[in-house]
Each structure stands twice: as C-alpha cells, then as structure tokens.
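Data from model-v5.csv: CSV, C-alpha atoms
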```csv
chain,number,residue,atom,x,y,z
A,1,MET,CA,30.4,17.7,-57.0
A,2,PHE,CA,28.7,17.2,-53.7
A,3,ASP,CA,27.7,14.1,-51.8
A,4,GLN,CA,24.1,13.4,-53.0
A,5,LEU,CA,23.6,11.1,-50.0
A,6,GLY,CA,23.6,14.1,-47.6
A,7,VAL,CA,20.7,15.6,-49.6
A,8,VAL,CA,18.9,12.3,-49.6
A,9,TYR,CA,19.2,12.0,-45.9
A,10,ALA,CA,17.9,15.6,-45.3
A,11,VAL,CA,15.0,15.1,-47.7
A,12,VAL,CA,14.1,11.8,-46.0
A,13,GLY,CA,14.0,13.7,-42.6
A,14,ALA,CA,11.8,16.3,-44.1
A,15,VAL,CA,9.4,13.7,-45.6
A,16,LEU,CA,9.3,11.8,-42.3
A,17,ALA,CA,8.4,14.9,-40.3
A,18,ALA,CA,5.5,15.8,-42.7
A,19,LEU,CA,4.4,12.2,-43.3
A,20,MET,CA,4.3,10.9,-39.8
A,21,ALA,CA,2.8,14.0,-38.2
A,22,GLY,CA,0.3,14.1,-41.1
A,23,ILE,CA,-0.7,10.5,-40.5
A,24,GLY,CA,-1.2,11.1,-36.8
A,25,SER,CA,-3.2,14.2,-37.5
A,26,ALA,CA,-5.4,12.4,-40.0
A,27,LYS,CA,-6.1,9.6,-37.5
A,28,GLY,CA,-6.7,12.0,-34.6
A,29,VAL,CA,-9.0,14.3,-36.6
A,30,ALA,CA,-10.9,11.3,-38.0
A,31,MET,CA,-11.5,9.8,-34.5
A,32,ALA,CA,-12.7,13.2,-33.2
A,33,GLY,CA,-14.8,13.7,-36.3
A,34,GLN,CA,-16.6,10.4,-35.9
A,35,ALA,CA,-17.4,11.2,-32.2
A,36,GLY,CA,-18.4,14.8,-33.2
A,37,ALA,CA,-20.8,13.6,-35.9
A,38,GLY,CA,-22.7,11.5,-33.4
A,39,VAL,CA,-23.1,14.4,-31.1
A,40,VAL,CA,-24.2,16.8,-33.8
A,41,THR,CA,-26.7,14.2,-35.0
A,42,GLU,CA,-28.4,14.5,-31.6
A,43,ASP,CA,-27.9,18.2,-31.1
A,44,PRO,CA,-26.9,20.4,-34.1
A,45,SER,CA,-26.4,23.4,-31.9
A,46,LYS,CA,-23.2,21.9,-30.5
A,47,PHE,CA,-21.5,21.9,-34.0
A,48,SER,CA,-19.1,24.8,-33.4
A,49,LYS,CA,-17.9,23.5,-30.0
A,50,VAL,CA,-17.4,20.0,-31.4
A,51,LEU,CA,-15.7,21.3,-34.5
A,52,LEU,CA,-13.1,23.1,-32.5
A,53,LEU,CA,-12.3,19.9,-30.5
A,54,GLN,CA,-12.1,18.0,-33.7
A,55,LEU,CA,-9.6,20.4,-35.3
A,56,LEU,CA,-7.1,20.2,-32.5
A,57,PRO,CA,-5.3,17.0,-33.6
A,58,GLY,CA,-4.8,18.6,-37.0
A,59,THR,CA,-2.1,20.9,-35.8
A,60,GLN,CA,0.6,18.3,-35.6
A,61,GLY,CA,0.3,17.8,-39.4
A,62,ILE,CA,0.9,21.5,-39.8
A,63,TYR,CA,3.9,21.4,-37.5
A,64,GLY,CA,5.4,18.5,-39.5
A,65,LEU,CA,4.9,20.4,-42.7
A,66,LEU,CA,6.6,23.4,-41.2
A,67,VAL,CA,9.6,21.3,-40.1
A,68,ALA,CA,9.7,19.9,-43.6
A,69,PHE,CA,9.7,23.3,-45.2
A,70,VAL,CA,12.4,24.6,-42.9
A,71,THR,CA,14.6,21.5,-43.6
A,72,LEU,CA,14.1,21.7,-47.4
A,73,ASN,CA,14.8,25.4,-47.3
A,74,LYS,CA,18.0,24.8,-45.3
A,75,ILE,CA,19.4,22.6,-48.1
A,76,GLY,CA,18.2,24.9,-50.9
A,77,ALA,CA,15.6,22.4,-52.3
A,78,LEU,CA,12.9,25.1,-52.4
A,79,SER,CA,15.0,27.6,-54.3
A,80,GLY,CA,16.3,25.0,-56.7
A,81,ASN,CA,19.9,25.7,-55.6
A,82,LEU,CA,20.9,22.7,-53.6
A,83,ALA,CA,23.6,23.2,-51.1
A,84,GLN,CA,26.6,21.0,-50.8
A,85,VAL,CA,25.5,18.6,-48.0
A,86,ASP,CA,27.8,15.8,-47.0
A,87,GLY,CA,26.5,12.5,-45.6
A,88,ALA,CA,27.1,13.4,-41.9
A,89,THR,CA,25.3,16.8,-42.2
A,90,GLY,CA,22.4,15.1,-44.1
A,91,MET,CA,22.2,12.5,-41.3
A,92,MET,CA,22.1,15.3,-38.7
A,93,LEU,CA,19.3,17.0,-40.5
A,94,LEU,CA,17.4,13.7,-40.7
A,95,PHE,CA,17.8,13.2,-37.0
A,96,ALA,CA,16.8,16.8,-36.3
A,97,CYS,CA,13.4,16.0,-38.0
A,98,VAL,CA,12.8,12.9,-35.9
A,99,PRO,CA,11.3,14.6,-32.8
A,100,MET,CA,8.6,16.2,-34.9
A,101,ALA,CA,8.0,13.0,-36.9
A,102,VAL,CA,7.6,10.7,-33.8
A,103,VAL,CA,6.0,13.1,-31.4
A,104,GLY,CA,3.7,14.4,-34.1
A,105,LEU,CA,2.5,10.9,-34.9
A,106,ILE,CA,1.9,9.8,-31.4
A,107,SER,CA,0.6,13.1,-29.9
A,108,ALA,CA,-1.9,13.6,-32.7
A,109,ILE,CA,-3.4,10.2,-32.1
A,110,HIS,CA,-3.6,10.7,-28.4
A,111,GLN,CA,-4.9,14.2,-28.8
A,112,GLY,CA,-7.6,12.7,-31.0
A,113,ARG,CA,-8.5,10.3,-28.3
A,114,THR,CA,-8.6,13.1,-25.7
A,115,SER,CA,-10.7,15.2,-28.1
A,116,VAL,CA,-13.2,12.3,-28.3
A,117,ALA,CA,-13.5,12.2,-24.5
A,118,SER,CA,-13.9,16.0,-24.5
A,119,ILE,CA,-16.6,15.8,-27.2
A,120,GLY,CA,-18.4,13.4,-24.9
A,121,LEU,CA,-18.2,15.9,-22.1
A,122,VAL,CA,-19.6,18.7,-24.3
A,123,ALA,CA,-22.4,16.4,-25.4
A,124,LYS,CA,-23.5,16.0,-21.8
A,125,LYS,CA,-22.5,19.3,-20.4
A,126,PRO,CA,-22.0,22.0,-23.1
A,127,GLU,CA,-21.4,24.7,-20.4
A,128,GLN,CA,-18.1,22.8,-19.6
A,129,PHE,CA,-16.6,23.5,-23.0
A,130,GLY,CA,-13.8,25.6,-21.6
A,131,LYS,CA,-12.7,22.8,-19.4
A,132,ALA,CA,-13.2,20.3,-22.2
A,133,MET,CA,-10.7,22.2,-24.4
A,134,LEU,CA,-8.0,22.0,-21.8
A,135,PHE,CA,-7.7,18.2,-21.9
A,136,PRO,CA,-6.6,18.0,-25.6
A,137,ALA,CA,-4.7,21.3,-25.3
A,138,MET,CA,-2.4,19.7,-22.7
A,139,VAL,CA,-1.4,17.0,-25.3
A,140,GLU,CA,-0.6,19.8,-27.7
A,141,THR,CA,2.1,21.0,-25.4
A,142,TYR,CA,4.3,18.1,-26.4
A,143,ALA,CA,3.8,18.6,-30.1
A,144,ILE,CA,4.9,22.2,-29.7
A,145,LEU,CA,8.0,21.1,-27.8
A,146,ALA,CA,8.8,18.7,-30.6
A,147,LEU,CA,8.3,21.4,-33.2
A,148,LEU,CA,10.6,23.7,-31.3
A,149,ILE,CA,13.4,21.2,-30.9
A,150,SER,CA,13.2,20.1,-34.5
A,151,ILE,CA,13.3,23.7,-35.8
A,152,LEU,CA,16.1,24.7,-33.4
A,153,ALA,CA,18.1,21.6,-34.4
A,154,VAL,CA,17.6,22.1,-38.1
A,155,ASN,CA,18.6,25.7,-37.9
A,156,GLY,CA,21.6,24.9,-35.7
A,157,ILE,CA,23.2,22.6,-38.3
A,158,PRO,CA,25.6,24.5,-40.6
A,159,VAL,CA,25.1,23.6,-44.3
```

Mind turning this structure into structure tokens?
Amino acid sequence: MFDQLGVVYAVVGAVLAALMAGIGSAKGVAMAGQAGAGVVTEDPSKFSKVLLLQLLPGTQGIYGLLVAFVTLNKIGALSGNLAQVDGATGMMLLFACVPMAVVGLISAIHQGRTSVASIGLVAKKPEQFGKAMLFPAMVETYAILALLISILAVNGIPV
C-alpha cells in the first residue's frame, strides 16, 4: 500500500497550477475584453488588433493547465495507474507547481492591465500596433519562466 497523502499533495499542486493561472487569465482577458469592446464600438476595423491584445493574458491559463497535466501524468493519474508517492515526494511535486500557480495568477492580471493600456494605444494610433504588442509580451516572459521552472522541477522529481 502506498501513502495516499503523497498523491493528494501532488494533485493539490496540479490543481493549484491550473486553478490560479486560470483565474488570473480569466481576469486579465476580461479586463482587456472590456477595453477592447469599447474600442471596437467606436471603430470596428480595429477588431483583429484588439482581439490579439485581449488574448495575450489567456496564455497563463494554458501554461497552468500544462503544468497540471505534466504533474498528473508524473504520478500516473492520467493513465489510471497511480504511482507509489510518499508524502515527501508529493510535497515536492506540490511545491514544484507553485511557481506556475503564483506567477500565472499575478502575471496574467498584470498582462491584462498592460493589454488594456496597449488597446488604448491602438485606439488612438493603430499604426503603432507592433509597439503596443511588446508591452504585454514583456509580462509574458515571466509566465514562460515560471512554466519552465515548474516543468523542470516536476520532471526532476523521481517518482
């Protein structure tokens, strides 16, 4: 019989990565969508540019989901063959998911705010779209770093 607590810790880590990054993405995409809707109301021709800016904060939710899948796969939860995971290993898996959970939540919200500002830039100067994309893309860098550290950490823990 294996320690069920280790599996619980690992699943909690996976859930936190998906949940917190998903909440941040939902909030960021909603903020940008509200700003975008106002711009498109005034000038429907800006829809595609505004939509791209709105979608950017949604990537953190995808990253959180990816970390959750990697973690659940690591413990065998996706195949139905749960591995023997002791409490310490489960706790390490939980903590390996924390970077994506926390950074995903915070960066998605801030990326949403940055996207709102960039949408305002596109509303006034649509020819500056390339520059406007750079501002929220810079926030994305930190979400990608959190994704990498969480995946590397999860994969580096022997189960």

Item to check | Counting only C-alpha atoms, the option among A:Pro99, A:Pro44, A:Gly112, A:Gly6 closest to Ala30 of chain A | outcome: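 Checking each candidate against Ala30 of chain A, we get A:Gly112 as the closest.
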
Checklist entry - So, counting only C-alpha atoms, which residue among A:Ala77, A:Val11, A:Ala18, A:Leu51 is closest to Phe129 of chain A? => result A:Leu51

Checklist entry - From the set A:Asn81, A:Thr59, A:Thr41, A:Ser48, which residue has the shortest atom-to-atom contact distance to Ala26 of chain A, counting all atoms listed in the file? => result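 Closest residue, counting all atoms listed in the file: A:Thr59.
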
Item to check | Nearest-residue call for Met20 of chain A, choices A:Tyr63, A:Val102, A:Val154, A:Pro57, using only C-alpha atoms | outcome: A:Val102

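Between atom CA of Leu152 of chain A and atom CA of Lys27 of chain A the interatomic distance comes to 27.2 Å.
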
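Nearest residue to Glu140 of chain A among A:Leu56, A:Ile62, A:Val98, A:Leu78 is A:Leu56, counting all atoms listed in the file.
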
Checklist entry - Skipping near chain neighbours, those fewer than 2 positions away, what residues fall within 10 Å of Val103 of chain A using all atoms listed in the file, listed as an MDAnalysis selection string? => result chainID A and resid 17 20:21 24 60 64 98:101 105:109 142:147

Item to check | Expected residue set, 9 Å radius at (-10.0, 19.6, -24.2), only C-alpha atoms, as a ChimeraX atom specification | outcome: /A:53,56,111,114-119,129-138

Checklist entry - Which of these residues is nearest to Phe47 of chain A, using all atoms listed in the file: A:Cys97, A:Ala35, A:Ala88, A:Ala153? => result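 When distances to Phe47 of chain A are compared using all atoms listed in the file, the smallest one comes from A:Ala35.
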
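In this structure, atom CA of Ala10 of chain A sits 22.5 Å away from atom CA of Ser25 of chain A.
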
Checklist entry - atom CA of Ala68 of chain A and atom CA of Thr141 of chain A, how far apart in Å? => result 19.8 Å
